[in-house]
$ cat entry_11.txt   # compact mmCIF, N, CA and C atoms
# COMPACT_ATOMS: atom_id res chain seq x y z
N MET K 27 56.87 -156.85 10.08
CA MET K 27 56.26 -156.61 8.78
C MET K 27 55.37 -155.37 8.81
N THR K 28 54.69 -155.14 9.93
CA THR K 28 53.80 -153.99 9.97
C THR K 28 54.57 -152.68 9.86
N ALA K 29 55.76 -152.63 10.45
CA ALA K 29 56.56 -151.40 10.36
C ALA K 29 56.96 -151.14 8.92
N VAL K 30 57.34 -152.17 8.20
CA VAL K 30 57.72 -152.01 6.80
C VAL K 30 56.54 -151.51 5.97
N LEU K 31 55.38 -152.10 6.17
CA LEU K 31 54.20 -151.67 5.42
C LEU K 31 53.81 -150.24 5.77
N ALA K 32 53.89 -149.89 7.03
CA ALA K 32 53.57 -148.51 7.44
C ALA K 32 54.52 -147.52 6.78
N ILE K 33 55.78 -147.86 6.73
CA ILE K 33 56.76 -146.96 6.12
C ILE K 33 56.56 -146.87 4.61
N VAL K 34 56.31 -148.01 3.97
CA VAL K 34 56.07 -147.99 2.52
C VAL K 34 54.84 -147.15 2.19
N LEU K 35 53.77 -147.38 2.92
CA LEU K 35 52.54 -146.60 2.69
C LEU K 35 52.81 -145.11 2.94
N SER K 36 53.56 -144.80 3.97
CA SER K 36 53.86 -143.40 4.28
C SER K 36 54.68 -142.75 3.18
N LEU K 37 55.63 -143.50 2.63
CA LEU K 37 56.46 -142.95 1.55
C LEU K 37 55.68 -142.71 0.26
N VAL K 38 54.58 -143.42 0.11
CA VAL K 38 53.71 -143.21 -1.06
C VAL K 38 52.74 -142.06 -0.79
N PHE K 39 52.06 -142.11 0.35
CA PHE K 39 50.99 -141.15 0.61
C PHE K 39 51.47 -139.76 0.97
N LEU K 40 52.61 -139.63 1.64
CA LEU K 40 53.05 -138.30 2.07
C LEU K 40 53.32 -137.37 0.88
N PRO K 41 54.13 -137.77 -0.09
CA PRO K 41 54.35 -136.84 -1.21
C PRO K 41 53.08 -136.59 -2.03
N LEU K 42 52.25 -137.60 -2.19
CA LEU K 42 51.01 -137.40 -2.95
C LEU K 42 50.08 -136.45 -2.21
N GLY K 43 49.95 -136.65 -0.91
CA GLY K 43 49.09 -135.77 -0.12
C GLY K 43 49.59 -134.34 -0.11
N LEU K 44 50.90 -134.16 0.06
CA LEU K 44 51.47 -132.81 0.06
C LEU K 44 51.30 -132.14 -1.30
N ALA K 45 51.44 -132.89 -2.38
CA ALA K 45 51.26 -132.34 -3.73
C ALA K 45 49.81 -131.90 -3.94
N LYS K 46 48.88 -132.66 -3.40
CA LYS K 46 47.46 -132.26 -3.51
C LYS K 46 47.19 -131.00 -2.70
N ILE K 47 47.73 -130.94 -1.49
CA ILE K 47 47.54 -129.76 -0.65
C ILE K 47 48.14 -128.53 -1.32
N ALA K 48 49.31 -128.68 -1.92
CA ALA K 48 49.98 -127.57 -2.59
C ALA K 48 49.35 -127.23 -3.94
N ALA K 49 48.42 -128.06 -4.37
CA ALA K 49 47.76 -127.89 -5.68
C ALA K 49 48.79 -127.82 -6.80
N ALA K 50 49.72 -128.77 -6.78
CA ALA K 50 50.70 -128.88 -7.85
C ALA K 50 49.95 -129.03 -9.17
N PRO K 51 50.52 -128.49 -10.25
CA PRO K 51 49.81 -128.53 -11.55
C PRO K 51 49.28 -129.91 -11.93
N VAL K 52 50.08 -130.95 -11.73
CA VAL K 52 49.61 -132.29 -12.10
C VAL K 52 48.41 -132.70 -11.24
N MET K 53 48.38 -132.25 -10.00
CA MET K 53 47.25 -132.58 -9.13
C MET K 53 46.01 -131.78 -9.50
N ARG K 54 46.21 -130.53 -9.92
CA ARG K 54 45.07 -129.74 -10.40
C ARG K 54 44.47 -130.38 -11.64
N GLN K 55 45.33 -130.89 -12.52
CA GLN K 55 44.84 -131.57 -13.72
C GLN K 55 44.08 -132.85 -13.35
N ALA K 56 44.61 -133.60 -12.40
CA ALA K 56 43.94 -134.82 -11.96
C ALA K 56 42.59 -134.50 -11.35
N ALA K 57 42.53 -133.47 -10.54
CA ALA K 57 41.26 -133.07 -9.92
C ALA K 57 40.24 -132.69 -11.00
N ALA K 58 40.67 -131.88 -11.95
CA ALA K 58 39.77 -131.46 -13.03
C ALA K 58 39.30 -132.66 -13.84
N HIS K 59 40.20 -133.59 -14.11
CA HIS K 59 39.84 -134.79 -14.87
C HIS K 59 38.75 -135.59 -14.16
N LEU K 60 38.82 -135.61 -12.84
CA LEU K 60 37.85 -136.38 -12.06
C LEU K 60 36.62 -135.56 -11.67
N GLY K 61 36.58 -134.32 -12.13
CA GLY K 61 35.42 -133.47 -11.83
C GLY K 61 35.41 -132.93 -10.41
N MET K 62 36.58 -132.82 -9.80
CA MET K 62 36.68 -132.31 -8.43
C MET K 62 37.27 -130.92 -8.43
N SER K 63 36.86 -130.13 -7.47
CA SER K 63 37.48 -128.82 -7.31
C SER K 63 38.85 -128.99 -6.68
N THR K 64 39.70 -127.98 -6.85
CA THR K 64 41.01 -128.01 -6.21
C THR K 64 40.87 -128.07 -4.70
N GLY K 65 39.87 -127.37 -4.17
CA GLY K 65 39.64 -127.39 -2.73
C GLY K 65 39.32 -128.79 -2.21
N LEU K 66 38.47 -129.51 -2.93
CA LEU K 66 38.15 -130.87 -2.51
C LEU K 66 39.38 -131.76 -2.61
N TYR K 67 40.17 -131.57 -3.66
CA TYR K 67 41.39 -132.37 -3.81
C TYR K 67 42.38 -132.08 -2.69
N ARG K 68 42.39 -130.82 -2.21
CA ARG K 68 43.23 -130.48 -1.07
C ARG K 68 42.76 -131.21 0.18
N VAL K 69 41.46 -131.35 0.34
CA VAL K 69 40.93 -132.11 1.48
C VAL K 69 41.37 -133.57 1.39
N VAL K 70 41.32 -134.13 0.20
CA VAL K 70 41.80 -135.50 0.00
C VAL K 70 43.27 -135.60 0.39
N GLY K 71 44.06 -134.62 -0.05
CA GLY K 71 45.49 -134.60 0.29
C GLY K 71 45.71 -134.50 1.79
N ALA K 72 44.94 -133.66 2.45
CA ALA K 72 45.06 -133.52 3.91
C ALA K 72 44.70 -134.83 4.59
N THR K 73 43.70 -135.51 4.07
CA THR K 73 43.32 -136.81 4.63
C THR K 73 44.46 -137.81 4.48
N GLU K 74 45.14 -137.78 3.35
CA GLU K 74 46.28 -138.67 3.15
C GLU K 74 47.41 -138.35 4.12
N VAL K 75 47.70 -137.07 4.32
CA VAL K 75 48.77 -136.68 5.25
C VAL K 75 48.42 -137.07 6.68
N VAL K 76 47.18 -136.88 7.08
CA VAL K 76 46.74 -137.30 8.41
C VAL K 76 46.84 -138.82 8.54
N GLY K 77 46.52 -139.53 7.47
CA GLY K 77 46.66 -140.99 7.46
C GLY K 77 48.10 -141.41 7.67
N VAL K 78 49.03 -140.69 7.05
CA VAL K 78 50.45 -140.98 7.23
C VAL K 78 50.84 -140.78 8.69
N ALA K 79 50.40 -139.68 9.27
CA ALA K 79 50.70 -139.44 10.69
C ALA K 79 50.16 -140.57 11.55
N GLY K 80 48.95 -141.01 11.25
CA GLY K 80 48.36 -142.12 12.00
C GLY K 80 49.13 -143.41 11.83
N LEU K 81 49.59 -143.68 10.60
CA LEU K 81 50.38 -144.89 10.36
C LEU K 81 51.67 -144.87 11.18
N LEU K 82 52.36 -143.72 11.16
CA LEU K 82 53.64 -143.65 11.86
C LEU K 82 53.46 -143.65 13.38
N LEU K 83 52.46 -142.93 13.87
CA LEU K 83 52.18 -142.98 15.31
C LEU K 83 51.67 -144.36 15.72
N GLY K 84 51.05 -145.03 14.77
CA GLY K 84 50.56 -146.38 15.02
C GLY K 84 51.67 -147.39 15.26
N LEU K 85 52.89 -147.02 14.93
CA LEU K 85 54.01 -147.91 15.23
C LEU K 85 54.23 -148.03 16.74
N THR K 86 53.74 -147.04 17.48
CA THR K 86 53.84 -147.10 18.95
C THR K 86 52.50 -147.39 19.61
N TRP K 87 51.41 -147.07 18.94
CA TRP K 87 50.07 -147.35 19.48
C TRP K 87 49.25 -148.01 18.36
N THR K 88 49.20 -149.32 18.38
CA THR K 88 48.62 -150.12 17.30
C THR K 88 47.20 -149.71 16.89
N PRO K 89 46.28 -149.44 17.83
CA PRO K 89 44.92 -149.09 17.37
C PRO K 89 44.88 -147.88 16.44
N LEU K 90 45.76 -146.92 16.66
CA LEU K 90 45.80 -145.76 15.78
C LEU K 90 46.30 -146.15 14.39
N GLY K 91 47.30 -146.99 14.33
CA GLY K 91 47.81 -147.45 13.05
C GLY K 91 46.77 -148.24 12.27
N VAL K 92 46.02 -149.07 12.98
CA VAL K 92 44.95 -149.85 12.34
C VAL K 92 43.87 -148.92 11.79
N ALA K 93 43.49 -147.93 12.59
CA ALA K 93 42.48 -146.97 12.15
C ALA K 93 42.96 -146.18 10.93
N ALA K 94 44.20 -145.75 10.96
CA ALA K 94 44.76 -144.99 9.84
C ALA K 94 44.81 -145.83 8.57
N ALA K 95 45.28 -147.07 8.71
CA ALA K 95 45.36 -147.96 7.55
C ALA K 95 43.96 -148.25 6.99
N THR K 96 43.00 -148.43 7.87
CA THR K 96 41.62 -148.67 7.43
C THR K 96 41.07 -147.46 6.69
N GLY K 97 41.32 -146.28 7.23
CA GLY K 97 40.87 -145.06 6.57
C GLY K 97 41.50 -144.87 5.21
N LEU K 98 42.80 -145.12 5.12
CA LEU K 98 43.47 -144.99 3.82
C LEU K 98 42.97 -146.04 2.83
N ALA K 99 42.68 -147.24 3.32
CA ALA K 99 42.14 -148.29 2.45
C ALA K 99 40.78 -147.86 1.89
N LEU K 100 39.94 -147.30 2.74
CA LEU K 100 38.63 -146.82 2.28
C LEU K 100 38.78 -145.67 1.29
N LEU K 101 39.71 -144.77 1.56
CA LEU K 101 39.96 -143.65 0.66
C LEU K 101 40.41 -144.15 -0.72
N MET K 102 41.28 -145.15 -0.73
CA MET K 102 41.78 -145.68 -2.00
C MET K 102 40.72 -146.50 -2.73
N ALA K 103 39.88 -147.21 -1.98
CA ALA K 103 38.77 -147.93 -2.63
C ALA K 103 37.84 -146.93 -3.30
N ALA K 104 37.57 -145.81 -2.61
CA ALA K 104 36.73 -144.77 -3.21
C ALA K 104 37.41 -144.16 -4.44
N ALA K 105 38.73 -143.98 -4.38
CA ALA K 105 39.46 -143.43 -5.53
C ALA K 105 39.34 -144.35 -6.74
N ALA K 106 39.45 -145.65 -6.51
CA ALA K 106 39.31 -146.60 -7.62
C ALA K 106 37.92 -146.50 -8.23
N VAL K 107 36.90 -146.40 -7.40
CA VAL K 107 35.52 -146.28 -7.90
C VAL K 107 35.35 -144.98 -8.69
N VAL K 108 35.91 -143.89 -8.18
CA VAL K 108 35.80 -142.60 -8.87
C VAL K 108 36.43 -142.68 -10.25
N HIS K 109 37.59 -143.29 -10.35
CA HIS K 109 38.24 -143.44 -11.66
C HIS K 109 37.35 -144.22 -12.63
N LEU K 110 36.78 -145.31 -12.15
CA LEU K 110 35.94 -146.13 -13.03
C LEU K 110 34.66 -145.39 -13.41
N ARG K 111 34.07 -144.67 -12.48
CA ARG K 111 32.84 -143.93 -12.77
C ARG K 111 33.06 -142.79 -13.75
N HIS K 112 34.27 -142.29 -13.80
CA HIS K 112 34.57 -141.20 -14.74
C HIS K 112 35.06 -141.72 -16.09
N GLY K 113 34.89 -143.01 -16.31
CA GLY K 113 35.18 -143.58 -17.60
C GLY K 113 36.64 -143.90 -17.86
N ASP K 114 37.47 -143.82 -16.82
CA ASP K 114 38.86 -144.21 -17.00
C ASP K 114 38.95 -145.71 -17.26
N PRO K 115 39.94 -146.13 -18.03
CA PRO K 115 40.11 -147.58 -18.20
C PRO K 115 40.46 -148.22 -16.85
N PRO K 116 40.10 -149.47 -16.66
CA PRO K 116 40.35 -150.12 -15.37
C PRO K 116 41.80 -150.03 -14.90
N VAL K 117 42.74 -149.98 -15.82
CA VAL K 117 44.15 -149.91 -15.42
C VAL K 117 44.44 -148.64 -14.62
N ARG K 118 43.66 -147.58 -14.82
CA ARG K 118 43.86 -146.33 -14.06
C ARG K 118 43.42 -146.48 -12.62
N ALA K 119 42.57 -147.47 -12.32
CA ALA K 119 42.11 -147.70 -10.95
C ALA K 119 43.02 -148.67 -10.20
N VAL K 120 43.93 -149.34 -10.90
CA VAL K 120 44.78 -150.35 -10.29
C VAL K 120 45.67 -149.79 -9.17
N PRO K 121 46.36 -148.66 -9.37
CA PRO K 121 47.21 -148.17 -8.27
C PRO K 121 46.44 -147.93 -6.98
N ALA K 122 45.26 -147.34 -7.08
CA ALA K 122 44.45 -147.11 -5.89
C ALA K 122 44.02 -148.42 -5.26
N ALA K 123 43.64 -149.38 -6.09
CA ALA K 123 43.22 -150.69 -5.56
C ALA K 123 44.38 -151.40 -4.88
N VAL K 124 45.57 -151.32 -5.45
CA VAL K 124 46.74 -151.96 -4.85
C VAL K 124 47.07 -151.30 -3.52
N LEU K 125 47.03 -149.96 -3.47
CA LEU K 125 47.29 -149.27 -2.20
C LEU K 125 46.24 -149.64 -1.15
N ALA K 126 44.99 -149.80 -1.57
CA ALA K 126 43.96 -150.22 -0.63
C ALA K 126 44.28 -151.61 -0.07
N LEU K 127 44.70 -152.51 -0.93
CA LEU K 127 45.05 -153.87 -0.47
C LEU K 127 46.25 -153.87 0.46
N ILE K 128 47.24 -153.04 0.18
CA ILE K 128 48.41 -152.95 1.06
C ILE K 128 47.99 -152.39 2.42
N ALA K 129 47.13 -151.39 2.41
CA ALA K 129 46.66 -150.81 3.67
C ALA K 129 45.85 -151.83 4.48
N VAL K 130 45.01 -152.59 3.81
CA VAL K 130 44.24 -153.64 4.51
C VAL K 130 45.19 -154.70 5.06
N THR K 131 46.19 -155.05 4.30
CA THR K 131 47.18 -156.03 4.76
C THR K 131 47.89 -155.52 6.00
N HIS K 132 48.25 -154.25 5.99
CA HIS K 132 48.90 -153.65 7.17
C HIS K 132 47.99 -153.71 8.39
N ALA K 133 46.74 -153.32 8.20
CA ALA K 133 45.79 -153.33 9.32
C ALA K 133 45.61 -154.75 9.86
N ALA K 134 45.46 -155.72 8.97
CA ALA K 134 45.28 -157.12 9.40
C ALA K 134 46.50 -157.64 10.12
N ALA K 135 47.68 -157.32 9.61
CA ALA K 135 48.92 -157.78 10.25
C ALA K 135 49.09 -157.14 11.62
N ALA K 136 48.70 -155.88 11.75
CA ALA K 136 48.84 -155.19 13.03
C ALA K 136 47.88 -155.77 14.07
N ILE K 137 46.71 -156.17 13.62
CA ILE K 137 45.73 -156.76 14.55
C ILE K 137 46.17 -158.16 14.97
N GLY K 138 46.61 -158.93 13.98
CA GLY K 138 46.94 -160.33 14.23
C GLY K 138 48.29 -160.48 14.78

$ encode --input "entry_11.txt" --output "structure tokens"
Amino acid sequence: MTAVLAIVLSLVFLPLGLAKIAAAPVMRQAAAHLGMSTGLYRVVGATEVVGVAGLLLGLTWTPLGVAAATGLALLMAAAAVVHLRHGDPPVRAVPAAVLALIAVTHAAAAIG
């Protein structure tokens, strides 16, 4: 189950992270909406890509996968809070919250 969750999370975070790093127009709009600079959004994207690398390498070394999943969960929890603080309706925070829960589930399954 942990391999499936790691792959699912990787398939979600890799394209999103790369789009943030590339400053794709939709990502620039999202950054502006949240009051972030493009540079900061690129850092977020790089963090997501590094998290993906950790998830995939964690398939062979569990502590790294757990650390990566934990980091991504914290990043997504922060994303949900940022959306709510910027006045977005709660439904806009749901994807980040769901990804955080999946990442926590992955970390827990890898430990147990």

$ closest_residue --input "entry_11.txt" --among "K:Pro51, K:Pro121, K:Gly113, K:Gly84" --to "Ala99 in chain K" --atoms "only C-alpha atoms"
K:Pro121

$ residues_around --input "entry_11.txt" --residues "range 55-61 of chain K" --least-positions-apart "6" --cutoff "7 Å" --atoms "only N, CA and C atoms" --output "PDB file with N, CA and C atoms, keeping the file's coordinate frame"
ATOM      1  N   TYR K  67      40.170-131.570  -3.660  1.00  0.00           N
ATOM      2  CA  TYR K  67      41.390-132.370  -3.810  1.00  0.00           C
ATOM      3  C   TYR K  67      42.380-132.080  -2.690  1.00  0.00           C
ATOM      4  N   VAL K 108      35.910-143.890  -8.180  1.00  0.00           N
ATOM      5  CA  VAL K 108      35.800-142.600  -8.870  1.00  0.00           C
ATOM      6  C   VAL K 108      36.430-142.680 -10.250  1.00  0.00           C
ATOM      7  N   HIS K 112      34.270-142.290 -13.800  1.00  0.00           N
ATOM      8  CA  HIS K 112      34.570-141.200 -14.740  1.00  0.00           C
ATOM      9  C   HIS K 112      35.060-141.720 -16.090  1.00  0.00           C
TER      10      HIS K 112
END

$ residues_around --input "entry_11.txt" --residues "range 123-135 of chain K" --least-positions-apart "4" --cutoff "5 Å" --atoms "only N, CA and C atoms" --output "JSON list (two decimals) with N, CA and C atoms, in the coordinates of the input"
[["chain", "number", "residue", "atom", "x", "y", "z"],
["K", 92, "VAL", "N", 46.02, -149.07, 12.98],
["K", 92, "VAL", "CA", 44.95, -149.85, 12.34],
["K", 92, "VAL", "C", 43.87, -148.92, 11.79],
["K", 95, "ALA", "N", 45.28, -147.07, 8.71],
["K", 95, "ALA", "CA", 45.36, -147.96, 7.55],
["K", 95, "ALA", "C", 43.96, -148.25, 6.99],
["K", 99, "ALA", "N", 42.68, -147.24, 3.32],
["K", 99, "ALA", "CA", 42.14, -148.29, 2.45],
["K", 99, "ALA", "C", 40.78, -147.86, 1.89],
["K", 119, "ALA", "N", 42.57, -147.47, -12.32],
["K", 119, "ALA", "CA", 42.11, -147.70, -10.95],
["K", 119, "ALA", "C", 43.02, -148.67, -10.20]]

$ select_by_dssp --input "entry_11.txt" --residues "chain K" --states "alpha helix (DSSP H)" --output "ChimeraX atom specification"
/K:28-47,51-59,64-83,88-111,120-137

$ residues_around --input "entry_11.txt" --residues "Ser36 in chain K" --least-positions-apart "5" --cutoff "12 Å" --atoms "only C-alpha atoms" --output "ChimeraX atom specification"
/K:29-31,41-44,74-85,91,94-95,98,125,128-129,132

$ atom_distance --input "entry_11.txt" --atom1 "CA of Leu40 in chain K" --atom2 "CA of Thr86 in chain K"
19.1 Å

$ atom_distance --input "entry_11.txt" --atom1 "CA of Pro89 in chain K" --atom2 "CA of Ile137 in chain K"
8.2 Å

$ closest_residue --input "entry_11.txt" --among "K:Gly71, K:Leu90, K:Phe39, K:Ile33" --to "Ala136 in chain K" --atoms "only C-alpha atoms"
K:Leu90

$ axis_aligned_box --input "entry_11.txt" --around "range 56-67 of chain K" --padding-each-side "5 Å" --output "JSON"
{"center_x": 40.0, "center_y": -131.9, "center_z": -8.5, "size_x": 19.2, "size_y": 19.0, "size_z": 22.7}

$ atom_distance --input "entry_11.txt" --atom1 "atom C of Ala122 in chain K" --atom2 "atom C of Leu100 in chain K"
8.8 Å

$ decode --input "entry_11.txt" --residues "range 81-132 of chain K" --atoms "C-alpha atoms" --output "PDB file, in the first residue's frame"
ATOM      1  CA  LEU K  81       8.863   9.660  -1.624  1.00  0.00           C
ATOM      2  CA  LEU K  82      10.313   7.621  -4.474  1.00  0.00           C
ATOM      3  CA  LEU K  83      13.689   7.068  -2.810  1.00  0.00           C
ATOM      4  CA  GLY K  84      11.735   6.188   0.307  1.00  0.00           C
ATOM      5  CA  LEU K  85      10.518   3.086  -1.474  1.00  0.00           C
ATOM      6  CA  THR K  86      14.004   1.689  -0.823  1.00  0.00           C
ATOM      7  CA  TRP K  87      14.835   3.546   2.404  1.00  0.00           C
ATOM      8  CA  THR K  88      11.708   3.943   4.533  1.00  0.00           C
ATOM      9  CA  PRO K  89      12.897   6.758   6.860  1.00  0.00           C
ATOM     10  CA  LEU K  90      13.394   9.045   3.870  1.00  0.00           C
ATOM     11  CA  GLY K  91       9.929   8.276   2.547  1.00  0.00           C
ATOM     12  CA  VAL K  92       8.395   8.967   5.948  1.00  0.00           C
ATOM     13  CA  ALA K  93      10.258  12.272   6.205  1.00  0.00           C
ATOM     14  CA  ALA K  94       9.206  13.292   2.694  1.00  0.00           C
ATOM     15  CA  ALA K  95       5.570  12.386   3.308  1.00  0.00           C
ATOM     16  CA  THR K  96       5.607  14.289   6.601  1.00  0.00           C
ATOM     17  CA  GLY K  97       7.102  17.342   4.919  1.00  0.00           C
ATOM     18  CA  LEU K  98       4.542  17.262   2.125  1.00  0.00           C
ATOM     19  CA  ALA K  99       1.741  16.852   4.674  1.00  0.00           C
ATOM     20  CA  LEU K 100       2.959  19.939   6.542  1.00  0.00           C
ATOM     21  CA  LEU K 101       3.279  21.869   3.285  1.00  0.00           C
ATOM     22  CA  MET K 102      -0.295  20.983   2.309  1.00  0.00           C
ATOM     23  CA  ALA K 103      -1.649  21.804   5.768  1.00  0.00           C
ATOM     24  CA  ALA K 104      -0.007  25.215   5.425  1.00  0.00           C
ATOM     25  CA  ALA K 105      -1.505  25.587   1.928  1.00  0.00           C
ATOM     26  CA  ALA K 106      -4.984  24.918   3.294  1.00  0.00           C
ATOM     27  CA  VAL K 107      -4.477  27.554   5.994  1.00  0.00           C
ATOM     28  CA  VAL K 108      -3.184  30.079   3.446  1.00  0.00           C
ATOM     29  CA  HIS K 109      -6.268  29.584   1.280  1.00  0.00           C
ATOM     30  CA  LEU K 110      -8.584  30.112   4.239  1.00  0.00           C
ATOM     31  CA  ARG K 111      -6.660  33.156   5.494  1.00  0.00           C
ATOM     32  CA  HIS K 112      -6.931  34.769   2.076  1.00  0.00           C
ATOM     33  CA  GLY K 113     -10.695  34.513   2.190  1.00  0.00           C
ATOM     34  CA  ASP K 114     -11.108  31.588  -0.174  1.00  0.00           C
ATOM     35  CA  PRO K 115     -14.196  29.476   0.444  1.00  0.00           C
ATOM     36  CA  PRO K 116     -13.411  26.324   2.440  1.00  0.00           C
ATOM     37  CA  VAL K 117     -13.882  24.168  -0.667  1.00  0.00           C
ATOM     38  CA  ARG K 118     -10.687  25.740  -2.105  1.00  0.00           C
ATOM     39  CA  ALA K 119      -8.717  24.340   0.851  1.00  0.00           C
ATOM     40  CA  VAL K 120     -10.090  20.798   0.437  1.00  0.00           C
ATOM     41  CA  PRO K 121      -7.570  19.545  -2.171  1.00  0.00           C
ATOM     42  CA  ALA K 122      -4.638  20.585   0.010  1.00  0.00           C
ATOM     43  CA  ALA K 123      -6.252  19.034   3.085  1.00  0.00           C
ATOM     44  CA  VAL K 124      -6.920  15.772   1.234  1.00  0.00           C
ATOM     45  CA  LEU K 125      -3.321  15.622  -0.013  1.00  0.00           C
ATOM     46  CA  ALA K 126      -2.118  16.243   3.539  1.00  0.00           C
ATOM     47  CA  LEU K 127      -4.240  13.343   4.790  1.00  0.00           C
ATOM     48  CA  ILE K 128      -2.972  11.034   2.046  1.00  0.00           C
ATOM     49  CA  ALA K 129       0.617  11.970   2.885  1.00  0.00           C
ATOM     50  CA  VAL K 130       0.019  11.317   6.594  1.00  0.00           C
ATOM     51  CA  THR K 131      -1.579   7.988   5.714  1.00  0.00           C
ATOM     52  CA  HIS K 132       1.478   7.078   3.657  1.00  0.00           C
TER      53      HIS K 132
END
